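*Asks:* So here's work24.csv, just CSV, C-alpha atoms:
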chain,number,residue,atom,x,y,z
O,25,MET,CA,-13.6,-19.5,-9.5
O,26,ASN,CA,-14.2,-22.5,-11.7
O,27,VAL,CA,-15.3,-25.2,-9.2
O,28,ARG,CA,-18.7,-26.9,-9.1
O,29,THR,CA,-20.8,-25.7,-6.2
O,30,LEU,CA,-24.1,-26.9,-4.5
O,31,ASP,CA,-25.9,-24.6,-6.9
O,32,GLY,CA,-25.4,-27.1,-9.6
O,33,ALA,CA,-26.1,-30.3,-7.6
O,34,GLY,CA,-29.7,-30.5,-8.6
O,35,PRO,CA,-32.5,-31.8,-6.4
O,36,LEU,CA,-31.2,-33.4,-3.2
O,37,ALA,CA,-34.4,-34.9,-1.8
O,38,GLY,CA,-33.8,-38.5,-1.0
O,39,LYS,CA,-30.1,-38.4,-2.0
O,40,ARG,CA,-27.4,-39.7,0.2
O,41,VAL,CA,-24.9,-36.8,0.3
O,42,LEU,CA,-21.4,-37.5,1.5
O,43,VAL,CA,-20.1,-34.3,3.0
O,44,ARG,CA,-16.4,-34.0,3.9
O,45,VAL,CA,-16.1,-31.6,6.9
O,46,ASP,CA,-13.4,-30.6,9.3
O,47,LEU,CA,-14.4,-31.5,12.8
O,48,ASN,CA,-10.8,-31.7,14.1
O,49,VAL,CA,-11.8,-29.4,17.0
O,50,PRO,CA,-10.0,-28.9,20.3
O,51,MET,CA,-11.3,-31.1,23.2
O,52,ASP,CA,-10.9,-31.1,26.9
O,53,ASP,CA,-12.4,-33.9,29.0
O,54,GLY,CA,-14.7,-34.9,26.3
O,55,ARG,CA,-16.0,-31.4,25.6
O,56,VAL,CA,-15.4,-29.2,22.6
O,57,THR,CA,-13.6,-26.1,23.7
O,58,ASP,CA,-13.7,-24.1,20.4
O,59,ALA,CA,-16.7,-24.8,18.1
O,60,THR,CA,-15.5,-22.5,15.2
O,61,ARG,CA,-15.0,-25.3,12.8
O,62,ILE,CA,-18.4,-26.8,13.7
O,63,GLU,CA,-20.1,-23.5,13.1
O,64,ARG,CA,-18.5,-23.1,9.7
O,65,VAL,CA,-20.0,-26.3,8.3
O,66,LEU,CA,-23.5,-25.8,9.6
O,67,PRO,CA,-24.8,-23.8,6.6
O,68,THR,CA,-23.9,-26.6,4.1
O,69,MET,CA,-25.4,-29.3,6.4
O,70,ARG,CA,-28.6,-27.3,6.9
O,71,GLU,CA,-29.0,-26.5,3.2
O,72,ILE,CA,-28.8,-30.2,2.3
O,73,ALA,CA,-31.0,-31.4,5.1
O,74,ASP,CA,-33.6,-28.7,4.4
O,75,GLN,CA,-33.9,-30.0,0.8
O,76,GLY,CA,-34.5,-33.5,2.1
O,77,GLY,CA,-31.0,-34.8,1.5
O,78,LYS,CA,-29.5,-37.4,3.8
O,79,VAL,CA,-26.4,-35.8,5.2
O,80,VAL,CA,-23.5,-38.3,5.8
O,81,LEU,CA,-20.5,-36.6,7.3
O,82,LEU,CA,-16.9,-37.7,6.7
O,83,ALA,CA,-14.2,-36.3,9.0
O,84,HIS,CA,-10.9,-37.0,10.5
O,85,PHE,CA,-9.8,-36.4,14.1
O,86,GLY,CA,-6.2,-36.2,15.4
O,87,ARG,CA,-3.5,-38.4,14.0
O,88,PRO,CA,-4.4,-41.9,15.2
O,89,LYS,CA,-2.2,-44.9,14.3
O,90,GLY,CA,-5.1,-47.3,13.7
O,91,ARG,CA,-8.3,-47.4,15.7
O,92,ASP,CA,-8.0,-45.5,19.0
O,93,PRO,CA,-10.9,-44.7,21.3
O,94,LYS,CA,-9.2,-41.5,22.4
O,95,GLU,CA,-9.4,-40.2,18.8
O,96,SER,CA,-13.1,-41.2,18.3
O,97,LEU,CA,-15.5,-38.6,16.8
O,98,ARG,CA,-18.3,-39.8,19.0
O,99,PRO,CA,-18.1,-36.9,21.5
O,100,VAL,CA,-18.1,-34.5,18.6
O,101,ALA,CA,-21.4,-35.8,17.4
O,102,GLY,CA,-23.1,-34.5,20.6
O,103,ALA,CA,-21.6,-31.0,20.1
O,104,LEU,CA,-22.6,-31.0,16.5
O,105,SER,CA,-26.2,-31.9,17.4
O,106,GLU,CA,-26.3,-29.0,20.0
O,107,HIS,CA,-25.1,-26.5,17.4
O,108,LEU,CA,-27.3,-27.9,14.6
O,109,GLY,CA,-30.4,-28.0,16.7
O,110,LYS,CA,-31.3,-31.5,15.7
O,111,PRO,CA,-30.1,-35.1,16.3
O,112,VAL,CA,-26.9,-36.3,14.8
O,113,ALA,CA,-26.6,-40.1,14.5
O,114,PHE,CA,-23.2,-41.7,14.9
O,115,ALA,CA,-21.8,-44.8,13.1
O,116,GLU,CA,-19.0,-46.9,14.7
O,117,ASP,CA,-17.1,-47.0,11.5
O,118,CYS,CA,-16.8,-45.0,8.2
O,119,VAL,CA,-17.0,-48.1,6.0
O,120,GLY,CA,-18.3,-51.6,6.2
O,121,GLU,CA,-21.5,-53.0,7.7
O,122,ALA,CA,-21.7,-50.5,10.6
O,123,ALA,CA,-21.6,-47.6,8.2
O,124,ALA,CA,-23.9,-49.1,5.6
O,125,THR,CA,-26.5,-50.0,8.2
O,126,ALA,CA,-26.4,-46.5,9.7
O,127,VAL,CA,-26.8,-44.8,6.3
O,128,ALA,CA,-29.6,-47.2,5.3
O,129,ALA,CA,-31.5,-46.1,8.5
O,130,LEU,CA,-31.5,-42.4,7.5
O,131,SER,CA,-34.7,-40.6,6.6
O,132,ASP,CA,-34.8,-37.6,4.3
O,133,GLY,CA,-33.2,-34.6,6.2
O,134,ASP,CA,-31.4,-36.7,8.7
O,135,VAL,CA,-27.7,-36.2,9.7
O,136,LEU,CA,-25.2,-39.0,10.3
O,137,LEU,CA,-21.5,-38.7,11.5
O,138,LEU,CA,-19.3,-41.5,10.5
O,139,GLU,CA,-16.3,-42.6,12.6
O,140,ASN,CA,-12.8,-41.1,12.1
O,141,THR,CA,-11.7,-41.8,8.6
O,142,ARG,CA,-8.1,-41.9,9.8
O,143,PHE,CA,-8.8,-45.1,11.7
O,144,HIS,CA,-8.1,-46.7,8.3
O,145,PRO,CA,-4.6,-46.6,6.7
O,146,GLY,CA,-6.3,-46.3,3.3
O,147,GLU,CA,-7.4,-42.8,4.1
O,148,GLU,CA,-4.1,-41.0,4.2
O,149,LYS,CA,-2.7,-43.3,1.4
O,150,ASN,CA,-5.7,-42.3,-0.8
O,151,ASP,CA,-6.2,-46.0,-1.4
O,152,PRO,CA,-8.6,-46.6,-4.4
O,153,ALA,CA,-10.3,-49.5,-2.7
O,154,PHE,CA,-11.0,-47.5,0.5
O,155,ALA,CA,-12.2,-44.5,-1.5
O,156,LYS,CA,-14.6,-46.9,-3.4
O,157,ASP,CA,-15.9,-48.2,-0.1
O,158,LEU,CA,-16.6,-44.6,1.1
O,159,ALA,CA,-18.2,-43.7,-2.2
O,160,ALA,CA,-20.6,-46.6,-2.0
O,161,LEU,CA,-22.3,-44.8,0.9
O,162,GLY,CA,-23.4,-41.8,-1.1
O,163,ASP,CA,-25.0,-40.6,-4.3
O,164,LEU,CA,-23.0,-37.5,-4.5
O,165,TYR,CA,-20.1,-35.8,-2.7
O,166,VAL,CA,-19.7,-32.4,-1.2
O,167,ASN,CA,-16.4,-31.1,0.1
O,168,ASP,CA,-16.8,-28.4,2.8
O,169,ALA,CA,-13.3,-28.9,4.4
O,170,PHE,CA,-11.0,-26.4,2.7
O,171,SER,CA,-8.6,-26.9,5.7
O,172,ALA,CA,-8.0,-30.5,4.5
O,173,ALA,CA,-8.0,-29.8,0.8
O,174,HIS,CA,-4.2,-29.7,0.6
O,175,ARG,CA,-4.1,-33.4,1.3
O,176,ALA,CA,-4.7,-36.0,-1.4
O,177,HIS,CA,-6.6,-38.4,1.0
O,178,ALA,CA,-9.4,-40.8,0.1
O,179,SER,CA,-12.1,-38.6,1.7
O,180,THR,CA,-10.8,-35.4,0.2
O,181,GLU,CA,-9.7,-36.4,-3.3
O,182,GLY,CA,-10.3,-40.0,-4.0
O,183,VAL,CA,-14.1,-40.0,-3.4
O,184,ALA,CA,-14.5,-36.8,-5.4
O,185,ARG,CA,-13.2,-38.7,-8.5
O,186,LEU,CA,-15.9,-41.4,-8.0
O,187,LEU,CA,-19.1,-39.4,-7.4
O,188,PRO,CA,-20.6,-36.2,-8.7
O,189,ALA,CA,-18.6,-33.7,-6.6
O,190,TYR,CA,-19.3,-30.2,-5.4
O,191,ALA,CA,-17.9,-27.5,-3.1
O,192,GLY,CA,-19.9,-26.8,0.1
O,193,ARG,CA,-20.8,-23.3,1.1
O,194,GLY,CA,-17.8,-23.0,3.5
O,195,MET,CA,-15.4,-24.2,0.8
O,196,GLN,CA,-17.1,-21.9,-1.7
O,197,ALA,CA,-16.7,-18.9,0.7
O,198,GLU,CA,-13.1,-19.7,1.3
O,199,LEU,CA,-12.2,-20.0,-2.4
O,200,GLU,CA,-14.1,-16.8,-3.3
O,201,ALA,CA,-12.2,-14.9,-0.5
O,202,LEU,CA,-8.9,-16.2,-1.6
O,203,SER,CA,-9.7,-15.3,-5.2
O,204,LYS,CA,-10.3,-11.7,-4.1
O,205,GLY,CA,-7.0,-11.9,-2.2
O,206,LEU,CA,-4.6,-13.1,-4.9
O,207,GLU,CA,-6.1,-14.6,-8.0
O,208,ALA,CA,-8.2,-11.6,-9.1
O,209,PRO,CA,-7.6,-8.9,-6.6
O,210,ARG,CA,-8.4,-5.2,-6.6
O,211,ARG,CA,-5.0,-3.5,-6.8
O,212,PRO,CA,-2.8,-2.4,-5.3
O,213,VAL,CA,-2.2,-5.5,-3.2
O,214,CYS,CA,-0.3,-5.4,0.1
O,215,ALA,CA,0.8,-8.6,1.9
O,216,VAL,CA,1.8,-8.7,5.6
O,217,VAL,CA,3.9,-11.8,6.5
O,218,GLY,CA,5.2,-12.3,9.9
O,219,GLY,CA,6.1,-15.1,12.2
O,220,ALA,CA,9.3,-16.6,13.6
O,221,LYS,CA,11.1,-18.3,10.7
O,222,VAL,CA,11.9,-17.6,7.1
O,223,SER,CA,12.6,-21.3,6.6
O,224,THR,CA,8.9,-22.2,7.0
O,225,LYS,CA,7.7,-19.6,4.5
O,226,ILE,CA,10.3,-19.5,1.6
O,227,ASP,CA,7.8,-20.8,-1.0
O,228,LEU,CA,5.2,-18.3,0.3
O,229,LEU,CA,7.5,-15.3,0.1
O,230,GLU,CA,8.8,-16.3,-3.4
O,231,ASN,CA,5.3,-16.6,-4.7
O,232,LEU,CA,4.0,-13.4,-3.0
O,233,VAL,CA,6.6,-11.1,-4.4
O,234,THR,CA,5.4,-12.0,-7.9
O,235,LYS,CA,1.8,-11.3,-7.0
O,236,VAL,CA,1.6,-8.3,-4.7
O,237,ASP,CA,2.7,-4.6,-5.0
O,238,ALA,CA,4.1,-4.3,-1.4
O,239,LEU,CA,5.3,-7.0,1.0
O,240,VAL,CA,5.6,-6.1,4.7
O,241,ILE,CA,7.9,-8.5,6.6
O,242,GLY,CA,7.7,-8.7,10.4
O,243,GLY,CA,8.4,-10.9,13.3
O,244,GLY,CA,11.5,-13.0,13.6
O,245,MET,CA,11.5,-13.3,9.9
O,246,ALA,CA,12.3,-9.7,9.5
O,247,ASN,CA,15.5,-10.1,11.5
O,248,THR,CA,16.8,-12.6,8.9
O,249,PHE,CA,16.2,-10.1,6.2
O,250,LEU,CA,17.8,-7.3,8.2
O,251,HIS,CA,20.9,-9.5,8.8
O,252,ALA,CA,21.0,-10.3,5.0
O,253,ILE,CA,21.3,-6.6,4.2
O,254,GLY,CA,24.0,-6.0,6.8
O,255,VAL,CA,22.0,-4.7,9.7
O,256,GLY,CA,23.1,-5.9,13.2
O,257,VAL,CA,20.2,-7.7,15.0
O,258,GLY,CA,22.0,-8.4,18.3
O,259,LYS,CA,20.7,-11.6,20.0
O,260,SER,CA,17.4,-11.5,18.1
O,261,LEU,CA,15.9,-14.7,16.6
O,262,ALA,CA,17.4,-14.8,13.1
O,263,GLU,CA,18.2,-17.6,10.7
O,264,LYS,CA,21.5,-16.2,9.6
O,265,ASN,CA,22.3,-19.1,7.4
O,266,LEU,CA,19.4,-18.1,5.3
O,267,ALA,CA,20.8,-14.7,4.4
O,268,PRO,CA,21.4,-15.8,0.7
O,269,THR,CA,17.8,-17.0,0.5
O,270,ALA,CA,16.5,-13.6,1.9
O,271,GLN,CA,18.7,-11.8,-0.6
O,272,ARG,CA,17.3,-13.9,-3.4
O,273,ILE,CA,13.8,-13.0,-2.3
O,274,ILE,CA,14.7,-9.3,-2.2
O,275,ASP,CA,16.2,-9.5,-5.7
O,276,ARG,CA,13.1,-11.4,-7.0
O,277,ALA,CA,10.9,-8.7,-5.5
O,278,ARG,CA,12.9,-6.0,-7.3
O,279,ASP,CA,12.5,-7.9,-10.6
O,280,HIS,CA,8.7,-8.0,-10.1
O,281,ALA,CA,8.3,-4.3,-8.9
O,282,CYS,CA,7.3,-5.5,-5.4
O,283,ALA,CA,8.3,-3.1,-2.6
O,284,ILE,CA,9.6,-4.9,0.5
O,285,LEU,CA,9.0,-3.1,3.8
O,286,LEU,CA,11.3,-4.1,6.7
O,287,PRO,CA,11.3,-2.5,10.1
O,288,VAL,CA,13.0,0.8,10.5
O,289,ASP,CA,12.8,0.7,14.3
O,290,ALA,CA,12.1,-1.9,16.9
O,291,VAL,CA,11.1,-2.6,20.5
O,292,VAL,CA,14.1,-4.3,22.1
O,293,ALA,CA,14.3,-6.3,25.4
O,294,PHE,CA,17.1,-8.2,27.0
O,295,GLU,CA,15.1,-11.2,28.1
O,296,PHE,CA,12.2,-13.0,26.4
O,297,LYS,CA,9.3,-12.7,28.8
O,298,ALA,CA,6.1,-10.7,29.3
O,299,ASN,CA,6.7,-7.1,30.6
O,300,ALA,CA,10.4,-7.4,30.3
O,301,PRO,CA,12.2,-4.0,30.5
O,302,HIS,CA,12.3,-2.7,26.9
O,303,HIS,CA,13.3,0.3,24.8
O,304,MET,CA,12.8,1.6,21.3
O,305,TYR,CA,15.8,1.7,19.0
O,306,GLY,CA,16.4,2.7,15.4
O,307,ILE,CA,17.1,-0.4,13.4
O,308,ASP,CA,20.7,0.7,12.8
O,309,ALA,CA,21.4,0.9,16.6
O,310,ILE,CA,20.2,-2.5,18.0
O,311,PRO,CA,22.4,-3.4,21.1
O,312,GLU,CA,24.6,-6.4,20.7
O,313,ASP,CA,22.9,-8.1,23.7
O,314,GLY,CA,19.4,-7.0,22.8
O,315,MET,CA,16.5,-8.9,21.2
O,316,ILE,CA,14.0,-7.4,18.8
O,317,LEU,CA,10.6,-8.5,20.0
O,318,ASP,CA,8.3,-6.1,18.2
O,319,VAL,CA,8.2,-3.5,15.4
O,320,GLY,CA,8.6,0.1,16.6
O,321,SER,CA,6.1,3.0,16.2
O,322,GLN,CA,7.8,4.4,13.0
O,323,SER,CA,7.5,0.9,11.5
O,324,VAL,CA,3.8,0.7,12.4
O,325,GLU,CA,3.3,4.1,10.7
O,326,ARG,CA,5.0,2.8,7.5
O,327,ILE,CA,2.9,-0.4,7.6
O,328,ASN,CA,-0.3,1.6,8.1
O,329,ALA,CA,0.7,3.8,5.2
O,330,ALA,CA,1.2,0.7,3.0
O,331,ILE,CA,-2.3,-0.5,4.0
O,332,ASN,CA,-3.7,2.9,3.2
O,333,ASP,CA,-2.3,2.6,-0.3
O,334,ALA,CA,-3.7,-0.8,-0.8
O,335,ALA,CA,-7.1,-1.9,-2.1
O,336,THR,CA,-6.5,-5.5,-1.0
O,337,LEU,CA,-4.6,-6.9,2.0
O,338,VAL,CA,-3.4,-10.5,2.6
O,339,TRP,CA,-2.1,-11.1,6.1
O,340,ASN,CA,-0.3,-14.1,7.5
O,341,GLY,CA,1.6,-14.0,10.8
O,342,PRO,CA,2.2,-11.6,13.6
O,343,LEU,CA,4.6,-8.7,13.5
O,344,GLY,CA,6.2,-9.4,16.9
O,345,ALA,CA,6.1,-11.7,20.0
O,346,PHE,CA,2.4,-10.9,20.4
O,347,GLU,CA,1.9,-13.6,23.0
O,348,HIS,CA,3.8,-11.4,25.5
O,349,VAL,CA,2.6,-8.0,26.6
O,350,PRO,CA,3.7,-5.3,25.6
O,351,PHE,CA,5.3,-6.9,22.5
O,352,ASP,CA,1.8,-7.3,20.9
O,353,GLN,CA,1.4,-3.6,20.3
O,354,GLY,CA,2.7,-3.5,16.7
O,355,THR,CA,0.5,-6.4,15.6
O,356,VAL,CA,-2.5,-4.9,17.4
O,357,ALA,CA,-2.1,-1.4,16.0
O,358,ALA,CA,-1.6,-2.5,12.4
O,359,ALA,CA,-4.5,-5.1,12.6
O,360,ARG,CA,-6.8,-2.5,14.0
O,361,HIS,CA,-5.9,0.0,11.3
O,362,ALA,CA,-6.6,-2.7,8.6
O,363,ALA,CA,-9.9,-3.5,10.3
O,364,GLU,CA,-10.9,0.2,10.2
O,365,ARG,CA,-10.1,0.5,6.5
O,366,THR,CA,-12.1,-2.7,5.9
O,367,LYS,CA,-15.1,-1.5,7.8
O,368,GLY,CA,-15.0,1.8,5.9
O,369,GLY,CA,-15.3,-0.1,2.6
O,370,ARG,CA,-11.8,0.9,1.5
O,371,LEU,CA,-10.0,-2.4,1.8
O,372,VAL,CA,-10.6,-6.1,1.1
O,373,SER,CA,-8.7,-7.9,3.9
O,374,VAL,CA,-8.0,-11.7,3.8
O,375,ALA,CA,-6.1,-13.3,6.7
O,376,GLY,CA,-5.2,-16.8,7.7
O,377,GLY,CA,-2.9,-19.2,9.5
O,378,GLY,CA,-3.0,-20.3,13.2
O,379,ASP,CA,-1.0,-17.6,14.8
O,380,THR,CA,-2.7,-15.0,12.6
O,381,VAL,CA,-6.2,-16.0,13.8
O,382,ALA,CA,-5.0,-15.9,17.4
O,383,ALA,CA,-3.3,-12.5,16.8
O,384,LEU,CA,-6.4,-11.0,15.2
O,385,ASN,CA,-8.6,-12.3,18.0
O,386,HIS,CA,-6.2,-10.9,20.5
O,387,ALA,CA,-6.6,-7.5,18.7
O,388,GLY,CA,-10.3,-7.9,18.8
O,389,VAL,CA,-10.7,-7.4,15.0
O,390,ALA,CA,-11.1,-10.9,13.5
O,391,GLU,CA,-14.8,-10.2,12.8
O,392,ASP,CA,-13.9,-7.0,11.0
O,393,PHE,CA,-11.7,-8.4,8.4
O,394,THR,CA,-13.3,-9.4,5.1
O,395,TYR,CA,-12.4,-13.0,5.6
O,396,VAL,CA,-10.3,-14.9,8.2
O,397,SER,CA,-9.4,-18.4,7.2
O,398,THR,CA,-9.0,-21.1,9.9
O,399,ALA,CA,-7.5,-23.5,7.4
O,400,GLY,CA,-3.8,-23.3,8.4
O,401,GLY,CA,-1.8,-25.5,6.1
O,402,ALA,CA,-4.2,-25.3,3.2
O,403,PHE,CA,-4.3,-21.5,3.4
O,404,LEU,CA,-0.5,-21.4,3.3
O,405,GLU,CA,-0.2,-23.7,0.4
O,406,TRP,CA,-2.7,-21.6,-1.5
O,407,LEU,CA,-0.6,-18.5,-0.8
O,408,GLU,CA,2.4,-20.4,-2.0
O,409,GLY,CA,0.7,-20.9,-5.4
O,410,LYS,CA,0.3,-24.7,-5.0
O,411,ALA,CA,-2.5,-26.7,-6.5
O,412,LEU,CA,-4.7,-28.2,-3.7
O,413,PRO,CA,-5.8,-31.8,-4.5
O,414,GLY,CA,-9.2,-31.4,-2.8
O,415,VAL,CA,-9.9,-28.3,-4.8
O,416,GLU,CA,-8.6,-29.6,-8.1
O,417,ALA,CA,-11.1,-32.5,-7.8
O,418,LEU,CA,-14.0,-30.0,-7.8
O,419,ARG,CA,-13.0,-28.1,-10.9
O,420,ALA,CA,-15.8,-27.6,-13.4
Show me this structure written as structure tokens.
*Replies:*
Amino acid sequence: MNVRTLDGAGPLAGKRVLVRVDLNVPMDDGRVTDATRIERVLPTMREIADQGGKVVLLAHFGRPKGRDPKESLRPVAGALSEHLGKPVAFAEDCVGEAAATAVAALSDGDVLLLENTRFHPGEEKNDPAFAKDLAALGDLYVNDAFSAAHRAHASTEGVARLLPAYAGRGMQAELEALSKGLEAPRRPVCAVVGGAKVSTKIDLLENLVTKVDALVIGGGMANTFLHAIGVGVGKSLAEKNLAPTAQRIIDRARDHACAILLPVDAVVAFEFKANAPHHMYGIDAIPEDGMILDVGSQSVERINAAINDAATLVWNGPLGAFEHVPFDQGTVAAARHAAERTKGGRLVSVAGGGDTVAALNHAGVAEDFTYVSTAGGAFLEWLEGKALPGVEALRA
């Protein structure tokens, strides 16, 4: 992992350290309802502050079109202070006089949160002048927001080209975990990819079949692949127009000696709702008016066997309609099996993506995986083999 980290930043006492963080947290009536992203940036903030650095936080919130009080980071400053256990000052802007005055007022070890960077159009445009204005507030730059690293914005990429730039501890942990997952993994490597649509994961699948030894495909995506090889899927969700794409991925996997595992049986219902009447069918006997909503027990056994054979597991997406009981059972069973292998020291397991995090939390095993990324889009682009601008700017 050839990125510069805080270990090489030198003495921080008295330095103004611009720290890009992800504080795009869910809010309800002015209160943070899930502080996961806050908790993940605390180690970097504490390390800098404990060394006497002046912590100046850059963050976005929502998708405002210009300045919008409803998208202000001010309420987040209070939640951040609670979790950090010390005051967090707030500046009404991220550039200009308000920001400069707030930064100048900092003592060593203080923490300041600047207002939403996306209030300025120069942020998402990666405008050089805006990046220069941000950079003027710091002596060095630390990026601890892997979840925003796939965007070439002023606060994620532009500033990093203007100041000595380093990865924060959260960014470092994410990159190390992903390196163990795909860049330099222990083999064999198994990937589990689920979710509704192949169309959103074509690049991901085409990259994975060149990197992993076995690829498990579940969820609605599996129906598209089953259709492509001539299996009837009834009224199941399937992108039948993508059959040629699915076949191309199957052929690519064969060329790279990657085994693709599709369901061999399925849990079928006739309406899409929780606790709908359901039956187990072999995959060659799906009723014409039925919907596949989960993998069947034999499929789970095959998935678990593939996990048993693996030294490394990469997981993205549920295996069925896990939001609706009992169609969560396949995802839960496989996730718990992976967690047990991980706890036993026999598996390195790396998972990520919004639905994935929710599914692993639902199964009660998110804490048992080696690493669970909350990065969403950045995690997917990494799995797709794409260069992330915010990471590239930190290369040693």
*Asks:* Measuring between all atoms listed in the file, which one of O:Leu161, O:Ala298, O:Ala129, O:Ala83 shows the shortest distance to O:Arg40?
*Replies:*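 Ranked by minimum distance to O:Arg40, first place goes to O:Leu161.
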*Asks:* Could you tell me which of O:Asp279, O:Glu95, O:Glu230, O:Glu71 comes closest to O:Gly54 if we count all atoms listed in the file?
*Replies:*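 Of O:Asp279, O:Glu95, O:Glu230, O:Glu71, the one nearest O:Gly54 is O:Glu95, counting all atoms listed in the file.
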*Asks:* With distances taken over only C-alpha atoms, which of O:Thr180, O:Asn140, O:Ser321, O:Gln196 is nearest to O:Arg98?
*Replies:*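 For O:Arg98, the nearest of the given residues is O:Asn140.
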*Asks:* Using only C-alpha atoms, which protein or nucleic acid residues come within 8 Å of O:Ala335? Drop anything in the same chain fewer than 2 positions from it, and give the result as a list in words.
*Replies:*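 After dropping sequence-adjacent residues, the list is Arg210, Arg211, Pro212, Val213, Cys214, Ile331, Asn332, Asp333, Leu337, Arg370, Leu371 and Val372 of chain O.
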*Asks:* Where does stretch 302-332 of chain O meet stretch 348-368 of chain O within 10 Å, residue by residue, with the nearest atom pair and distance in Å to one decimal for each, counting all atoms listed in the file, listed by chain and rising number, as JSON lines?
*Replies:*
{"residue": "O:His302", "atom": "CA", "partner": "O:Pro350", "partner_atom": "CA", "distance": 9.1}
{"residue": "O:Ile316", "atom": "CA", "partner": "O:Phe351", "partner_atom": "CA", "distance": 9.5}
{"residue": "O:Leu317", "atom": "CA", "partner": "O:Phe351", "partner_atom": "CA", "distance": 6.1}
{"residue": "O:Asp318", "atom": "CA", "partner": "O:Phe351", "partner_atom": "CA", "distance": 5.3}
{"residue": "O:Val319", "atom": "CA", "partner": "O:Gly354", "partner_atom": "CA", "distance": 5.7}
{"residue": "O:Gly320", "atom": "CA", "partner": "O:Gly354", "partner_atom": "CA", "distance": 6.9}
{"residue": "O:Ser321", "atom": "CA", "partner": "O:Gly354", "partner_atom": "CA", "distance": 7.4}
{"residue": "O:Ser323", "atom": "CA", "partner": "O:Gly354", "partner_atom": "CA", "distance": 8.3}
{"residue": "O:Val324", "atom": "CA", "partner": "O:Gly354", "partner_atom": "CA", "distance": 6.1}
{"residue": "O:Glu325", "atom": "CA", "partner": "O:Ala358", "partner_atom": "CA", "distance": 8.4}
{"residue": "O:Arg326", "atom": "CA", "partner": "O:Ala358", "partner_atom": "CA", "distance": 9.8}
{"residue": "O:Ile327", "atom": "CA", "partner": "O:Ala358", "partner_atom": "CA", "distance": 6.9}
{"residue": "O:Asn328", "atom": "CA", "partner": "O:Ala358", "partner_atom": "CA", "distance": 6.1}
{"residue": "O:Ala329", "atom": "CA", "partner": "O:His361", "partner_atom": "CA", "distance": 9.8}
{"residue": "O:Ile331", "atom": "CA", "partner": "O:Ala362", "partner_atom": "CA", "distance": 6.7}
{"residue": "O:Asn332", "atom": "CA", "partner": "O:Arg365", "partner_atom": "CA", "distance": 7.6}
*Asks:* Skip O:Ile226 itself and residues of its chain fewer than 5 positions away, then list as a ChimeraX atom specification all residues within 9 Å of it, counting only C-alpha atoms.
*Replies:* /O:231,269-270,273,408
*Asks:* Limited to C-alpha atoms, could you put the picked residues into a file as a short mmCIF file (atom, residue, chain, number, x, y, z; two decimals), keeping the file's coordinate frame?
*Replies:*
data_model
loop_
_atom_site.label_atom_id
_atom_site.label_comp_id
_atom_site.auth_asym_id
_atom_site.auth_seq_id
_atom_site.Cartn_x
_atom_site.Cartn_y
_atom_site.Cartn_z
CA ASN O 231 5.30 -16.60 -4.70
CA THR O 269 17.80 -17.00 0.50
CA ALA O 270 16.50 -13.60 1.90
CA ILE O 273 13.80 -13.00 -2.30
CA GLU O 408 2.40 -20.40 -2.00
#
*Asks:* What's around stretch 181-195 of chain O at 9 Å? Count only C-alpha atoms, leave out sequence neighbours fewer than 2 positions away in its own chain, and write the answer as a PyMOL selection string.
*Replies:* chain O and resi 27-33+43-44+64-69+150-152+154-156+158-159+162-171+173+175-179+197-200+413-419
*Asks:* What lies within 8 Å of stretch 105-119 of chain O using only C-alpha atoms, ignoring chain neighbours under 4 positions off, as a count of residues only?
*Replies:* 20
*Asks:* Under the rule that all atoms listed in the file are counted, which of O:Arg91, O:Arg142, O:His386, O:Lys297 is the nearest residue to O:Asn48?
*Replies:*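 Of all the options, O:Arg142 lies closest to O:Asn48.
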*Asks:* Using all atoms listed in the file, can you tell me which of O:Gly341, O:Gly34, O:Pro301, O:Gly314 comes closest to O:Gly376?
*Replies:*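 The answer is O:Gly341, which sits nearest to O:Gly376.
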*Asks:* One decimal, in Å: what's the spacing between atom CA of O:Val374 and atom CA of O:Ala402?
*Replies:* 14.1 Å
*Asks:* Just to confirm, what's the straight-line distance from atom CA of O:Tyr395 to atom CA of O:His280 in Å (one decimal)?
*Replies:*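 Between these atoms lies a distance of 26.8 Å.
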*Asks:* Using only C-alpha atoms, which residues sit within 12 Å of O:Gly242 once same-chain residues fewer than 4 positions away are excluded, as a PyMOL selection string?
*Replies:* chain O and resi 215-222+246-250+261-262+284-290+316-320+323-324+327+339-346+354-355+358
*Asks:* To one decimal place, how far is atom CA of O:Ile241 from atom CA of O:Ser373 in Å?
*Replies:* 16.8 Å
*Asks:* Would you please work out which residue, of O:Lys39, O:His251, O:Arg61, O:Lys89, is nearest to O:Val127 when using only C-alpha atoms?
*Replies:*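 Between O:Lys39, O:His251, O:Arg61, O:Lys89, the residue approaching O:Val127 most closely is O:Lys39.
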*Asks:* Emit a file covering stretch 251-262 of chain O of the preceding structure with C-alpha atoms, as a PDB file, in the first residue's frame.
*Replies:*
ATOM      1  CA  HIS O 251     -32.023 -16.717 -17.870  1.00  0.00           C
ATOM      2  CA  ALA O 252     -28.864 -16.281 -19.957  1.00  0.00           C
ATOM      3  CA  ILE O 253     -28.058 -20.005 -19.686  1.00  0.00           C
ATOM      4  CA  GLY O 254     -31.602 -21.022 -20.558  1.00  0.00           C
ATOM      5  CA  VAL O 255     -33.190 -21.501 -17.133  1.00  0.00           C
ATOM      6  CA  GLY O 256     -36.777 -20.334 -16.730  1.00  0.00           C
ATOM      7  CA  VAL O 257     -37.139 -17.833 -13.884  1.00  0.00           C
ATOM      8  CA  GLY O 258     -40.909 -17.255 -13.998  1.00  0.00           C
ATOM      9  CA  LYS O 259     -41.895 -13.741 -12.938  1.00  0.00           C
ATOM     10  CA  SER O 260     -38.674 -13.172 -10.997  1.00  0.00           C
ATOM     11  CA  LEU O 261     -36.818  -9.892 -11.274  1.00  0.00           C
ATOM     12  CA  ALA O 262     -34.440 -10.360 -14.220  1.00  0.00           C
TER      13      ALA O 262
END
